[in-house]
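Listing of target_39.txt, compact mmCIF, C-alpha atoms
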# COMPACT_ATOMS: atom_id res chain seq x y z
CA MET A 1 0.00 0.00 0.00
CA SER A 2 1.49 3.34 -1.08
CA ASP A 3 1.85 6.07 1.51
CA ASN A 4 -0.79 8.28 -0.10
CA LYS A 5 -3.35 5.45 0.11
CA ARG A 6 -2.67 4.38 3.68
CA ILE A 7 -5.55 3.96 6.13
CA ALA A 8 -4.51 5.48 9.44
CA PHE A 9 -6.34 3.17 11.82
CA LEU A 10 -5.06 0.08 9.97
CA ASP A 11 -1.48 1.24 10.41
CA TYR A 12 -2.02 1.49 14.16
CA THR A 13 -3.89 -1.82 14.21
CA ARG A 14 -1.18 -3.62 12.24
CA VAL A 15 1.57 -2.35 14.56
CA ALA A 16 -0.46 -3.34 17.62
CA ALA A 17 -1.03 -6.85 16.23
CA CYS A 18 2.68 -7.18 15.51
CA LEU A 19 3.52 -6.16 19.09
CA MET A 20 1.02 -8.67 20.43
CA VAL A 21 2.52 -11.58 18.50
CA ILE A 22 6.04 -10.64 19.60
CA THR A 23 4.83 -10.32 23.20
CA TYR A 24 3.39 -13.82 23.11
CA HIS A 25 6.68 -15.36 21.98
CA VAL A 26 8.76 -13.33 24.42
CA CYS A 27 6.42 -14.46 27.17
CA SER A 28 6.70 -18.12 26.22
CA ASP A 29 10.51 -17.88 26.18
CA THR A 30 10.88 -16.09 29.52
CA SER A 31 8.13 -17.30 31.86
CA PHE A 32 8.74 -21.04 31.72
CA TYR A 33 11.63 -23.38 32.30
CA TYR A 34 12.00 -26.89 30.94
CA ASP A 35 12.92 -29.82 33.17
CA ALA A 36 14.70 -32.17 30.78
CA ALA A 37 14.71 -35.08 33.23
CA ALA A 38 10.98 -34.88 33.86
CA ARG A 39 10.23 -33.68 30.33
CA MET A 40 7.94 -31.07 31.80
CA THR A 41 7.56 -27.30 31.43
CA TYR A 42 7.05 -25.25 34.59
CA PHE A 43 6.28 -21.67 35.52
CA ARG A 44 9.35 -20.08 37.03
CA ASN A 45 7.49 -18.48 39.95
CA GLU A 46 4.24 -16.76 40.91
CA ASP A 47 5.30 -13.47 39.33
CA ALA A 48 5.77 -15.30 36.02
CA HIS A 49 2.40 -16.98 36.55
CA LEU A 50 0.67 -13.65 37.14
CA TRP A 51 2.19 -11.72 34.25
CA SER A 52 2.45 -14.51 31.68
CA THR A 53 -1.30 -14.99 31.95
CA PHE A 54 -1.77 -11.33 31.04
CA TYR A 55 0.74 -11.38 28.18
CA TYR A 56 -0.33 -14.77 26.84
CA ILE A 57 -3.86 -13.51 26.40
CA LEU A 58 -2.63 -10.23 24.91
CA GLY A 59 -0.36 -12.12 22.54
CA HIS A 60 -3.11 -14.40 21.27
CA ILE A 61 -5.11 -11.42 19.99
CA GLY A 62 -2.52 -10.57 17.33
CA VAL A 63 -3.27 -13.29 14.77
CA PRO A 64 -7.08 -12.75 14.72
CA ILE A 65 -6.50 -9.03 14.28
CA PHE A 66 -4.17 -9.73 11.34
CA PHE A 67 -6.99 -11.79 9.83
CA MET A 68 -9.44 -8.91 10.26
CA ILE A 69 -7.03 -6.44 8.68
CA SER A 70 -6.83 -8.71 5.64
CA GLY A 71 -10.61 -9.04 5.57
CA TRP A 72 -11.04 -5.27 5.70
CA LEU A 73 -8.62 -4.71 2.82
CA LEU A 74 -9.39 -7.64 0.54
CA LEU A 75 -13.13 -8.31 0.80
CA PRO A 76 -14.77 -8.29 -1.61
CA VAL A 77 -12.49 -8.74 -4.59
CA ALA A 78 -13.21 -6.14 -7.28
CA GLU A 79 -15.54 -7.40 -10.00
CA SER A 80 -12.94 -6.37 -12.58
CA GLU A 81 -10.33 -8.73 -11.11
CA THR A 82 -10.31 -12.39 -12.06
CA THR A 83 -9.88 -15.17 -9.53
CA PHE A 84 -6.48 -16.14 -10.88
CA GLY A 85 -5.47 -12.50 -11.12
CA PHE A 86 -6.19 -12.14 -7.40
CA TYR A 87 -4.25 -15.32 -6.59
CA ARG A 88 -1.30 -14.15 -8.66
CA ARG A 89 -1.23 -10.75 -6.98
CA ARG A 90 -1.60 -11.95 -3.39
CA PHE A 91 0.56 -15.07 -3.58
CA LYS A 92 3.37 -13.11 -5.22
CA ARG A 93 3.21 -10.89 -2.13
CA ILE A 94 3.51 -13.60 0.54
CA ILE A 95 4.93 -16.83 -0.92
CA PRO A 96 8.47 -15.69 -1.90
CA PRO A 97 9.24 -14.11 1.53
CA PHE A 98 7.70 -17.16 3.22
CA LEU A 99 9.96 -19.50 1.25
CA PHE A 100 13.01 -17.33 1.95
CA PHE A 101 12.39 -17.36 5.70
CA SER A 102 11.56 -21.07 5.68
CA VAL A 103 15.02 -21.70 4.25
CA PHE A 104 16.48 -19.23 6.74
CA TYR A 105 14.94 -20.97 9.76
CA ILE A 106 16.03 -24.37 8.49
CA PHE A 107 19.68 -23.41 8.03
CA GLU A 108 20.11 -20.84 10.80
CA PRO A 109 20.75 -23.65 13.35
CA VAL A 110 23.39 -25.06 10.99
CA ILE A 111 25.13 -21.68 10.72
CA MET A 112 25.06 -21.33 14.52
CA GLY A 113 26.45 -24.85 14.99
CA LYS A 114 23.28 -26.19 16.60
CA ALA A 115 22.19 -28.71 13.98
CA ASP A 116 23.52 -31.11 11.38
CA ILE A 117 23.15 -30.00 7.78
CA HIS A 118 21.99 -33.42 6.56
CA ARG A 119 19.05 -33.43 8.95
CA GLN A 120 18.15 -29.87 7.99
CA LEU A 121 18.17 -30.78 4.30
CA ILE A 122 15.43 -33.27 5.10
CA GLU A 123 13.52 -30.47 6.85
CA LEU A 124 13.82 -28.41 3.66
CA SER A 125 11.93 -31.07 1.72
CA ASN A 126 9.12 -30.89 4.27
CA VAL A 127 8.30 -27.20 3.66
CA PRO A 128 5.43 -27.89 1.23
CA PHE A 129 3.72 -29.84 4.01
CA THR A 130 4.78 -28.38 7.35
CA PHE A 131 6.27 -25.16 8.71
CA ALA A 132 9.98 -24.67 9.28
CA HIS A 133 9.32 -22.68 12.47
CA SER A 134 6.26 -22.58 14.68
CA HIS A 135 5.03 -19.05 13.81
CA LEU A 136 5.03 -19.85 10.08
CA TRP A 137 1.83 -21.89 10.55
CA TYR A 138 0.03 -18.60 9.96
CA ILE A 139 1.17 -18.42 6.32
CA TYR A 140 -0.27 -21.82 5.44
CA VAL A 141 -3.62 -20.74 6.90
CA LEU A 142 -3.44 -17.38 5.13
CA VAL A 143 -2.92 -19.13 1.79
CA GLY A 144 -6.07 -21.16 2.38
CA LEU A 145 -8.05 -18.05 3.27
CA TYR A 146 -6.80 -16.26 0.17
CA LEU A 147 -8.04 -19.18 -1.91
CA ALA A 148 -11.53 -18.66 -0.44
CA ILE A 149 -11.71 -14.89 -0.89
CA PRO A 150 -12.66 -14.78 -4.61
CA ILE A 151 -15.24 -17.49 -3.97
CA ILE A 152 -17.14 -15.66 -1.24
CA SER A 153 -16.70 -12.18 -2.76
CA PRO A 154 -19.68 -12.37 -5.16
CA TRP A 155 -21.95 -13.28 -2.25
CA LEU A 156 -20.56 -10.47 -0.07
CA ARG A 157 -21.14 -7.89 -2.80
CA ARG A 158 -24.88 -8.56 -2.73
CA ALA A 159 -25.36 -9.76 0.88
CA THR A 160 -27.45 -7.65 3.23
CA ALA A 161 -26.38 -6.84 6.78
CA ARG A 162 -28.77 -9.49 8.14
CA GLU A 163 -27.35 -12.13 5.81
CA GLU A 164 -23.79 -11.36 6.89
CA LEU A 165 -24.89 -11.40 10.53
CA LEU A 166 -26.32 -14.87 9.97
CA LEU A 167 -22.93 -16.15 8.81
CA ILE A 168 -21.15 -14.39 11.69
CA GLY A 169 -23.66 -15.82 14.16
CA VAL A 170 -23.06 -19.37 12.93
CA PHE A 171 -19.30 -18.69 13.10
CA LEU A 172 -19.74 -17.74 16.77
CA LEU A 173 -21.82 -20.85 17.36
CA THR A 174 -19.05 -23.07 15.98
CA SER A 175 -16.67 -21.49 18.50
CA LEU A 176 -18.69 -23.23 21.24
CA LEU A 177 -18.35 -26.70 19.73
CA SER A 178 -15.44 -27.69 21.93
CA PRO A 179 -17.10 -27.01 25.33
CA ILE A 180 -20.41 -28.43 24.06
CA SER A 181 -18.55 -31.65 23.21
CA LEU A 182 -17.70 -32.07 26.89
CA ARG A 183 -21.39 -32.59 27.58
CA TYR A 184 -22.61 -34.32 24.42
CA ARG A 185 -21.15 -37.00 22.20
CA ASN A 186 -21.02 -36.80 18.41
CA VAL A 187 -22.06 -33.16 18.34
CA TRP A 188 -23.57 -32.01 15.02
CA GLY A 189 -22.69 -35.26 13.29
CA LEU A 190 -19.13 -35.70 14.53
CA ALA A 191 -18.18 -39.36 14.73
CA ALA A 192 -15.19 -41.67 14.51
CA TRP A 193 -15.88 -41.95 10.80
CA ASN A 194 -16.73 -38.27 10.19
CA GLN A 195 -14.51 -35.35 11.20
CA PHE A 196 -16.67 -32.69 9.50
CA HIS A 197 -19.51 -31.59 11.78
CA GLY A 198 -22.65 -29.96 10.44
CA LEU A 199 -21.32 -26.40 10.78
CA TRP A 200 -17.78 -27.23 9.70
CA TYR A 201 -17.88 -24.94 6.68
CA PHE A 202 -18.69 -21.93 8.86
CA SER A 203 -15.88 -22.59 11.35
CA GLY A 204 -12.23 -21.58 11.35
CA TYR A 205 -10.82 -18.16 10.56
CA LEU A 206 -12.94 -17.06 7.60
CA GLY A 207 -15.40 -15.63 10.13
CA TYR A 208 -12.80 -13.04 11.15
CA PHE A 209 -12.55 -11.89 7.53
CA VAL A 210 -16.31 -11.58 7.15
CA THR A 211 -16.68 -9.82 10.50
CA ALA A 212 -14.17 -7.18 9.42
CA HIS A 213 -16.08 -6.71 6.16
CA PHE A 214 -19.33 -6.37 8.12
CA ILE A 215 -17.84 -3.66 10.36
CA LYS A 216 -16.49 -1.84 7.33
CA THR A 217 -19.67 -2.04 5.26
CA HIS A 218 -22.57 -2.02 7.70
CA ILE A 219 -21.48 -0.47 11.02
CA ARG A 220 -22.28 3.23 11.03
CA TRP A 221 -21.81 3.89 14.72
CA SER A 222 -20.43 7.11 16.11
CA THR A 223 -16.94 7.20 17.61
CA VAL A 224 -18.42 7.24 21.12
CA THR A 225 -20.54 4.16 20.44
CA ARG A 226 -17.58 2.27 18.97
CA LEU A 227 -15.47 3.13 22.00
CA LEU A 228 -18.22 2.16 24.44
CA VAL A 229 -19.17 -1.16 22.80
CA GLY A 230 -15.55 -2.06 22.09
CA SER A 231 -14.43 -1.28 25.64
CA ILE A 232 -17.22 -3.30 27.28
CA GLY A 233 -16.59 -6.30 25.02
CA ALA A 234 -12.81 -6.14 25.48
CA VAL A 235 -12.88 -5.77 29.27
CA ALA A 236 -15.52 -8.48 29.81
CA SER A 237 -13.86 -11.05 27.53
CA PHE A 238 -10.31 -10.32 28.76
CA ALA A 239 -11.37 -10.63 32.41
CA THR A 240 -13.07 -13.96 31.71
CA MET A 241 -10.06 -15.30 29.84
CA TYR A 242 -7.67 -14.15 32.54
CA TYR A 243 -9.70 -15.86 35.24
CA LEU A 244 -9.94 -19.15 33.34
CA TYR A 245 -6.30 -19.30 32.28
CA TYR A 246 -4.76 -18.05 35.54
CA ARG A 247 -6.83 -20.40 37.64
CA GLY A 248 -5.81 -23.38 35.56
CA MET A 249 -2.08 -22.75 35.89
CA THR A 250 0.00 -23.11 39.06
CA PRO A 251 3.68 -22.17 39.48
CA GLY A 252 5.95 -25.11 40.23
CA THR A 253 3.61 -27.55 38.51
CA PRO A 254 3.75 -28.74 34.91
CA GLY A 255 2.89 -26.06 32.36
CA THR A 256 -0.53 -27.46 31.60
CA THR A 257 -3.82 -25.84 32.39
CA SER A 258 -7.41 -26.87 32.76
CA TYR A 259 -9.47 -27.51 29.66
CA TYR A 260 -11.26 -24.18 29.94
CA GLY A 261 -7.97 -22.34 30.35
CA TRP A 262 -6.66 -23.61 27.02
CA TYR A 263 -10.05 -23.20 25.36
CA ALA A 264 -10.26 -19.55 26.47
CA ILE A 265 -7.09 -18.53 24.64
CA GLY A 266 -7.69 -20.61 21.51
CA TYR A 267 -7.80 -18.64 18.27
CA SER A 268 -11.32 -19.87 17.54
CA SER A 269 -12.69 -19.67 21.08
CA PHE A 270 -15.79 -17.59 21.75
CA PHE A 271 -13.94 -15.39 24.24
CA LEU A 272 -11.01 -14.60 21.95
CA ILE A 273 -13.33 -13.84 19.05
CA VAL A 274 -15.22 -11.33 21.20
CA LEU A 275 -11.97 -9.82 22.50
CA ALA A 276 -10.33 -9.49 19.07
CA VAL A 277 -13.45 -8.04 17.42
CA SER A 278 -13.91 -5.61 20.31
CA LEU A 279 -10.35 -4.35 20.03
CA PHE A 280 -10.63 -4.07 16.26
CA LEU A 281 -13.80 -2.02 16.74
CA LEU A 282 -11.87 0.27 19.10
CA PHE A 283 -9.18 0.81 16.48
CA THR A 284 -11.81 1.78 13.89
CA ALA A 285 -12.62 4.76 16.12
CA ILE A 286 -9.26 6.33 15.20
CA PRO A 287 -10.10 9.32 12.96
CA ALA A 288 -9.19 8.99 9.29
CA THR A 289 -7.76 12.51 9.37
CA ILE A 290 -5.28 11.83 12.17
CA LYS A 291 -1.64 12.46 11.32
CA THR A 292 0.13 9.15 11.68
CA PRO A 293 3.68 9.36 13.10
CA ARG A 294 6.33 8.19 10.70
CA PHE A 295 7.52 5.40 13.00
CA VAL A 296 4.01 3.89 13.01
CA THR A 297 3.83 4.02 9.22
CA GLU A 298 7.30 2.50 8.94
CA LEU A 299 6.54 -0.36 11.31
CA SER A 300 3.26 -1.00 9.50
CA ARG A 301 4.92 -1.04 6.06
CA HIS A 302 7.47 -3.61 7.19
CA SER A 303 5.22 -5.60 9.53
CA PHE A 304 5.14 -8.72 7.34
CA GLY A 305 8.92 -9.00 7.35
CA ILE A 306 9.02 -8.23 11.06
CA TYR A 307 6.55 -11.04 11.68
CA LEU A 308 8.62 -13.49 9.64
CA LEU A 309 11.93 -12.57 11.31
CA HIS A 310 10.94 -11.84 14.91
CA ARG A 311 10.96 -15.43 16.16
CA CYS A 312 14.70 -15.64 15.53
CA ILE A 313 15.35 -12.29 17.20
CA VAL A 314 13.26 -13.22 20.25
CA GLY A 315 15.55 -16.15 20.98
CA TYR A 316 18.68 -14.00 21.07
CA VAL A 317 17.07 -11.11 22.94
CA VAL A 318 15.82 -13.46 25.66
CA LEU A 319 19.16 -15.28 25.81
CA TYR A 320 21.41 -12.24 26.11
CA LEU A 321 19.28 -9.31 27.24
CA GLY A 322 16.99 -11.46 29.39
CA ALA A 323 19.97 -12.55 31.50
CA LEU A 324 20.67 -8.89 32.35
CA LEU A 325 17.10 -7.93 33.27
CA PRO A 326 15.65 -8.44 36.76
CA GLU A 327 13.24 -11.33 37.28
CA MET A 328 10.28 -8.94 37.29
CA TYR A 329 8.13 -10.28 34.49
CA GLY A 330 5.82 -7.28 34.34
CA PHE A 331 8.94 -5.32 33.33
CA LYS A 332 11.09 -7.97 31.67
CA ILE A 333 8.57 -9.13 29.05
CA PRO A 334 7.65 -5.69 27.60
CA VAL A 335 11.31 -4.57 27.57
CA ALA A 336 12.36 -7.70 25.68
CA MET A 337 9.39 -7.18 23.36
CA VAL A 338 10.46 -3.62 22.50
CA PHE A 339 14.07 -4.69 21.85
CA THR A 340 12.83 -7.52 19.62
CA LEU A 341 10.62 -5.14 17.66
CA VAL A 342 13.41 -2.61 17.19
CA PHE A 343 16.04 -5.15 16.14
CA SER A 344 13.60 -6.91 13.80
CA TYR A 345 12.61 -3.62 12.21
CA LEU A 346 16.24 -2.52 11.71
CA VAL A 347 17.16 -5.78 10.00
CA ILE A 348 14.08 -5.76 7.76
CA LYS A 349 14.50 -2.07 6.98
CA ALA A 350 18.12 -2.60 5.94
CA ALA A 351 17.18 -5.61 3.83
CA SER A 352 14.35 -3.67 2.18
CA TYR A 353 16.95 -1.66 0.21
CA LEU A 354 18.19 -4.80 -1.56
CA PRO A 355 17.17 -5.42 -5.18
CA GLY A 356 13.99 -7.50 -5.21
CA ALA A 357 13.51 -6.95 -1.49
CA ARG A 358 9.73 -7.37 -1.71
CA TYR A 359 10.35 -11.01 -2.63
CA ILE A 360 12.74 -11.47 0.29
CA VAL A 361 11.33 -9.53 3.24
CA GLY A 362 7.92 -8.52 1.88
CA SER A 363 8.60 -4.79 1.47
CA GLU A 364 11.02 -2.47 -0.24
CA SER A 365 12.56 0.93 0.38
CA LYS A 366 14.27 3.38 -1.94
CA LEU A 367 17.51 5.13 -1.18
CA PRO A 368 17.10 8.92 -1.06
CA GLU A 369 18.13 10.71 -4.22
CA TYR A 370 20.56 13.58 -3.88
CA LYS A 371 20.67 16.26 -6.54
CA ARG A 372 24.10 17.33 -7.67
CA ASP A 373 25.06 20.91 -7.26
CA LYS A 374 25.38 22.28 -10.79
CA SER A 375 27.46 25.26 -9.68
When written as structure tokens, how does the structure in this file appear?
Amino acid sequence: MSDNKRIAFLDYTRVAACLMVITYHVCSDTSFYYDAAARMTYFRNEDAHLWSTFYYILGHIGVPIFFMISGWLLLPVAESETTFGFYRRRFKRIIPPFLFFSVFYIFEPVIMGKADIHRQLIELSNVPFTFAHSHLWYIYVLVGLYLAIPIISPWLRRATAREELLLIGVFLLTSLLSPISLRYRNVWGLAAWNQFHGLWYFSGYLGYFVTAHFIKTHIRWSTVTRLLVGSIGAVASFATMYYLYYRGMTPGTPGTTSYYGWYAIGYSSFFLIVLAVSLFLLFTAIPATIKTPRFVTELSRHSFGIYLLHRCIVGYVVLYLGALLPEMYGFKIPVAMVFTLVFSYLVIKAASYLPGARYIVGSESKLPEYKRDKS
């Protein structure tokens, strides 16, 4: 997106989502320790228990918000654009950087002397089927969602608000399948011989895309109403998630939680859907005329590359900087998050000046041109 076509609130939203994802990974790398003998993960102490619950929930919001940003921008596909034209345009944007970073994450351990090259070559052959690093799961899902966008776009162009609400309502209903299954067997047709329940085709992450389109197309609330509804939804859902997750985890015991704790923070859980949509609604209250600081625009422009790179940077920040910081997790986690963001941005920004950078790190920058003095 060129600078003169940027949408202010989406720049802020994209940066916030990026910070959330980084926060989640910093939290997971700092708040737990692994007992190799017992093969168990434990909270380090009660302070880690208290703050990691907060940051884990915050971190889980990032991916759904990224989905809603894509839904806002891409739905519906213009009638003048063909299905394969859309695929060509979008996949050219995400697949080359994804492949580059897949190779990077496979061979980075070899370069650092942590893995054998022969084993990593086998990992390279697995890329078409499985991710090279945990956070790259998102790209596989995004590809699938992109495949669906031209298919649902004709319906969205003619759908009424009530019709879209019906789809969103069923999407919310599917988010309750897991807890319902605790009480009933074979819910909505699920069985040992059938993994696709009756509402399967309304489940997953496509609902986030459609919800963003609904907010964009049909919500005409004032700024005050958006702030009020968004705040109530965010506070209520966050408090519920915090209670469920915190209660299910105990310091000094294995890093497992109760069923409802894990369900609460799941990307397709009812509570996280409400929380993510509420926060997205809050961001839409940012005025279109606001002057966006350059650092926000810069981080937003390079957010895809930052996302792809940050998992590597987190490891080194936690290893070296984390050892210098006090064991105060309410302080340690956000500080490590900021350092990770800054280092990731600097690396991606520098790489964005390379020829063909958009196919390497997902964005490109131009060196400033200096006019010669003719005198």
Exercise. Contacts of Gly59 of chain A at 8 Å or less, counting all atoms listed in the file, minus same-chain residues fewer than 6 places along, as a count of residues only?
Worked result: 7
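All polymer residues at most 12 Å from (18.2, -9.2, 26.8), using all atoms listed in the file, appear as Val26, Asp29, Thr30, Ile313, Val314, Gly315, Tyr316, Val317, Val318, Leu319, Tyr320, Leu321, Gly322, Ala323, Leu324, Leu325, Pro326, Glu327, Phe331, Lys332, Ile333, Pro334, Val335, Ala336, Met337, Val338, Phe339, Thr340 and Phe343 of chain A.
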What does the file look like for those residues with C-alpha atoms, as a short mmCIF file (atom, residue, chain, number, x, y, z; two decimals), in the coordinates of the input?
data_model
loop_
_atom_site.label_atom_id
_atom_site.label_comp_id
_atom_site.auth_asym_id
_atom_site.auth_seq_id
_atom_site.Cartn_x
_atom_site.Cartn_y
_atom_site.Cartn_z
CA VAL A 26 8.76 -13.33 24.42
CA ASP A 29 10.51 -17.88 26.18
CA THR A 30 10.88 -16.09 29.52
CA ILE A 313 15.35 -12.29 17.20
CA VAL A 314 13.26 -13.22 20.25
CA GLY A 315 15.55 -16.15 20.98
CA TYR A 316 18.68 -14.00 21.07
CA VAL A 317 17.07 -11.11 22.94
CA VAL A 318 15.82 -13.46 25.66
CA LEU A 319 19.16 -15.28 25.81
CA TYR A 320 21.41 -12.24 26.11
CA LEU A 321 19.28 -9.31 27.24
CA GLY A 322 16.99 -11.46 29.39
CA ALA A 323 19.97 -12.55 31.50
CA LEU A 324 20.67 -8.89 32.35
CA LEU A 325 17.10 -7.93 33.27
CA PRO A 326 15.65 -8.44 36.76
CA GLU A 327 13.24 -11.33 37.28
CA PHE A 331 8.94 -5.32 33.33
CA LYS A 332 11.09 -7.97 31.67
CA ILE A 333 8.57 -9.13 29.05
CA PRO A 334 7.65 -5.69 27.60
CA VAL A 335 11.31 -4.57 27.57
CA ALA A 336 12.36 -7.70 25.68
CA MET A 337 9.39 -7.18 23.36
CA VAL A 338 10.46 -3.62 22.50
CA PHE A 339 14.07 -4.69 21.85
CA THR A 340 12.83 -7.52 19.62
CA PHE A 343 16.04 -5.15 16.14
#
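Remark: for Leu75 of chain A, the closest of the candidate residues A:Leu156, A:Ile7, A:Ile219, A:Val143 is A:Leu156 (distances computed over all atoms listed in the file).
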Exercise. For Thr240 of chain A, which of A:Ala276, A:Ile57, A:Val361, A:Leu147 is the closest residue, counting all atoms listed in the file?
Worked result: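 Using all atoms listed in the file, the shortest distance to Thr240 of chain A belongs to A:Ile57.
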Problem set entry | Residue nearest Pro76 of chain A - candidates A:Thr225, A:Ser153, A:Thr217, A:Ser303, atoms counted: all atoms listed in the file |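 Checking each of A:Thr225, A:Ser153, A:Thr217, A:Ser303 against Pro76 of chain A, counting all atoms listed in the file, the winner is A:Ser153.
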For this session: Mind giving me the straight-line distance from atom CA of Phe98 of chain A to atom CA of Ile360 of chain A in Å, one decimal?
Result: 8.1 Å
For this session: Name all residues at most 12 Å from Leu167 of chain A (count only C-alpha atoms; drop same-chain ones fewer than 3 positions away) and give them as a list in words.
Result: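 Those residues are Ile152, Trp155, Leu156, Ala159, Thr160, Ala161, Arg162, Glu163, Glu164, Val170, Phe171, Leu172, Leu173, Thr174, Leu199, Tyr201, Phe202, Ser203, Leu206, Gly207, Tyr208, Phe209, Val210, Thr211, His213 and Phe214 of chain A.
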Determine, using all atoms listed in the file, which residues of segment 255-319 of chain A have any atom at most 12 Å from an atom of segment 128-142 of chain A, and tabulate each with its shortest atom pair and distance in Å to one decimal place, rows ordered by chain and then rising number, as CSV.
residue,atom,partner,partner_atom,distance
A:Tyr267,CA,A:Tyr138,CA,11.4
A:Phe304,CA,A:Ile139,CA,10.5
A:Gly305,CA,A:Leu136,CA,11.8
A:Ile306,CA,A:His135,CA,11.9
A:Tyr307,CA,A:His135,CA,8.4
A:Leu308,CA,A:Leu136,CA,7.3
A:Leu309,CA,A:His135,CA,9.8
A:His310,CA,A:His135,CA,9.4
A:Arg311,CA,A:His135,CA,7.3
A:Cys312,CA,A:His133,CA,9.4
A:Val314,CA,A:His135,CA,12.0
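The spacing separating atom CA of Ala16 of chain A from atom CA of Thr289 of chain A amounts to 19.3 Å.
Across the model, the gap from atom CA of His302 of chain A to atom CA of Cys18 of chain A is 10.2 Å.
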Near segment 89-94 of chain A, 9 Å: segment 306-365 of chain A residue rows, closest pairs, all atoms listed in the file, as CSV:
residue,atom,partner,partner_atom,distance
A:Arg358,CA,A:Arg93,CA,7.4
A:Tyr359,CA,A:Arg93,CA,7.2
A:Gly362,CA,A:Arg93,CA,6.6
A:Ser363,CA,A:Arg93,CA,8.9
For this session: Identify which of the residues A:Phe295, A:Tyr329, A:Tyr245, A:Tyr56 lies closest to Val342 of chain A, counting only C-alpha atoms when measuring atom-to-atom distances.
Result: A:Phe295
Exercise. Given the choices A:Leu228, A:Leu279, A:Leu176, A:Val77, which gets closest to Ala17 of chain A if the distance is worked out from all atoms listed in the file?
Worked result: A:Leu279
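Take the candidates A:Val127, A:Leu272, A:Ala351, A:Ile117 and check each one against Tyr205 of chain A using only C-alpha atoms; the shortest distance goes to A:Leu272.
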Problem set entry | Test item: which residues lie within 10 Å of (-0.3, -13.4, 29.8) counting all atoms listed in the file, as JSON, numbers by chain | {"A": [23, 24, 27, 28, 31, 48, 49, 50, 51, 52, 53, 54, 55, 56, 57, 58, 59, 60, 241, 242, 245, 246, 265, 330, 333]}
Output file request: segment 88-92 of chain A, with all heavy atoms, as an mmCIF file, in the first residue's frame.
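As written to disk, out_6.cif reads:
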data_model
loop_
_atom_site.group_PDB
_atom_site.id
_atom_site.type_symbol
_atom_site.label_atom_id
_atom_site.label_comp_id
_atom_site.auth_asym_id
_atom_site.auth_seq_id
_atom_site.Cartn_x
_atom_site.Cartn_y
_atom_site.Cartn_z
ATOM 1 N N ARG A 88 -2.638 -14.526 -8.208
ATOM 2 C CA ARG A 88 -1.303 -14.152 -8.661
ATOM 3 C C ARG A 88 -0.780 -12.950 -7.862
ATOM 4 O O ARG A 88 0.375 -12.930 -7.428
ATOM 5 C CB ARG A 88 -1.338 -13.822 -10.152
ATOM 6 C CG ARG A 88 0.032 -13.646 -10.801
ATOM 7 C CD ARG A 88 -0.097 -13.320 -12.281
ATOM 8 N NE ARG A 88 -0.930 -14.291 -12.991
ATOM 9 C CZ ARG A 88 -2.121 -14.024 -13.482
ATOM 10 N NH1 ARG A 88 -2.640 -12.808 -13.367
ATOM 11 N NH2 ARG A 88 -2.814 -14.952 -14.113
ATOM 12 N N ARG A 89 -1.645 -11.977 -7.675
ATOM 13 C CA ARG A 89 -1.234 -10.750 -6.984
ATOM 14 C C ARG A 89 -0.930 -11.007 -5.510
ATOM 15 O O ARG A 89 0.082 -10.528 -4.991
ATOM 16 C CB ARG A 89 -2.340 -9.702 -7.119
ATOM 17 C CG ARG A 89 -2.047 -8.370 -6.435
ATOM 18 C CD ARG A 89 -3.060 -7.325 -6.849
ATOM 19 N NE ARG A 89 -4.423 -7.722 -6.522
ATOM 20 C CZ ARG A 89 -5.007 -7.466 -5.341
ATOM 21 N NH1 ARG A 89 -4.332 -6.836 -4.394
ATOM 22 N NH2 ARG A 89 -6.257 -7.829 -5.117
ATOM 23 N N ARG A 90 -1.779 -11.744 -4.824
ATOM 24 C CA ARG A 90 -1.596 -11.952 -3.389
ATOM 25 C C ARG A 90 -0.490 -12.962 -3.088
ATOM 26 O O ARG A 90 0.300 -12.778 -2.161
ATOM 27 C CB ARG A 90 -2.903 -12.423 -2.755
ATOM 28 C CG ARG A 90 -4.028 -11.404 -2.806
ATOM 29 C CD ARG A 90 -3.608 -10.027 -2.346
ATOM 30 N NE ARG A 90 -3.035 -10.017 -1.006
ATOM 31 C CZ ARG A 90 -2.499 -8.944 -0.443
ATOM 32 N NH1 ARG A 90 -2.418 -7.811 -1.113
ATOM 33 N NH2 ARG A 90 -2.024 -9.000 0.789
ATOM 34 N N PHE A 91 -0.445 -14.058 -3.860
ATOM 35 C CA PHE A 91 0.565 -15.071 -3.576
ATOM 36 C C PHE A 91 1.963 -14.572 -3.907
ATOM 37 O O PHE A 91 2.941 -14.959 -3.261
ATOM 38 C CB PHE A 91 0.254 -16.362 -4.329
ATOM 39 C CG PHE A 91 -0.976 -17.068 -3.819
ATOM 40 C CD1 PHE A 91 -1.726 -17.872 -4.653
ATOM 41 C CD2 PHE A 91 -1.380 -16.916 -2.506
ATOM 42 C CE1 PHE A 91 -2.860 -18.525 -4.186
ATOM 43 C CE2 PHE A 91 -2.507 -17.560 -2.019
ATOM 44 C CZ PHE A 91 -3.254 -18.360 -2.861
ATOM 45 N N LYS A 92 2.070 -13.703 -4.909
ATOM 46 C CA LYS A 92 3.375 -13.106 -5.218
ATOM 47 C C LYS A 92 3.839 -12.234 -4.060
ATOM 48 O O LYS A 92 5.039 -12.026 -3.869
ATOM 49 C CB LYS A 92 3.258 -12.287 -6.502
ATOM 50 C CG LYS A 92 4.586 -11.772 -7.028
ATOM 51 C CD LYS A 92 4.451 -11.232 -8.439
ATOM 52 C CE LYS A 92 3.574 -10.007 -8.485
ATOM 53 N NZ LYS A 92 3.565 -9.370 -9.834
#
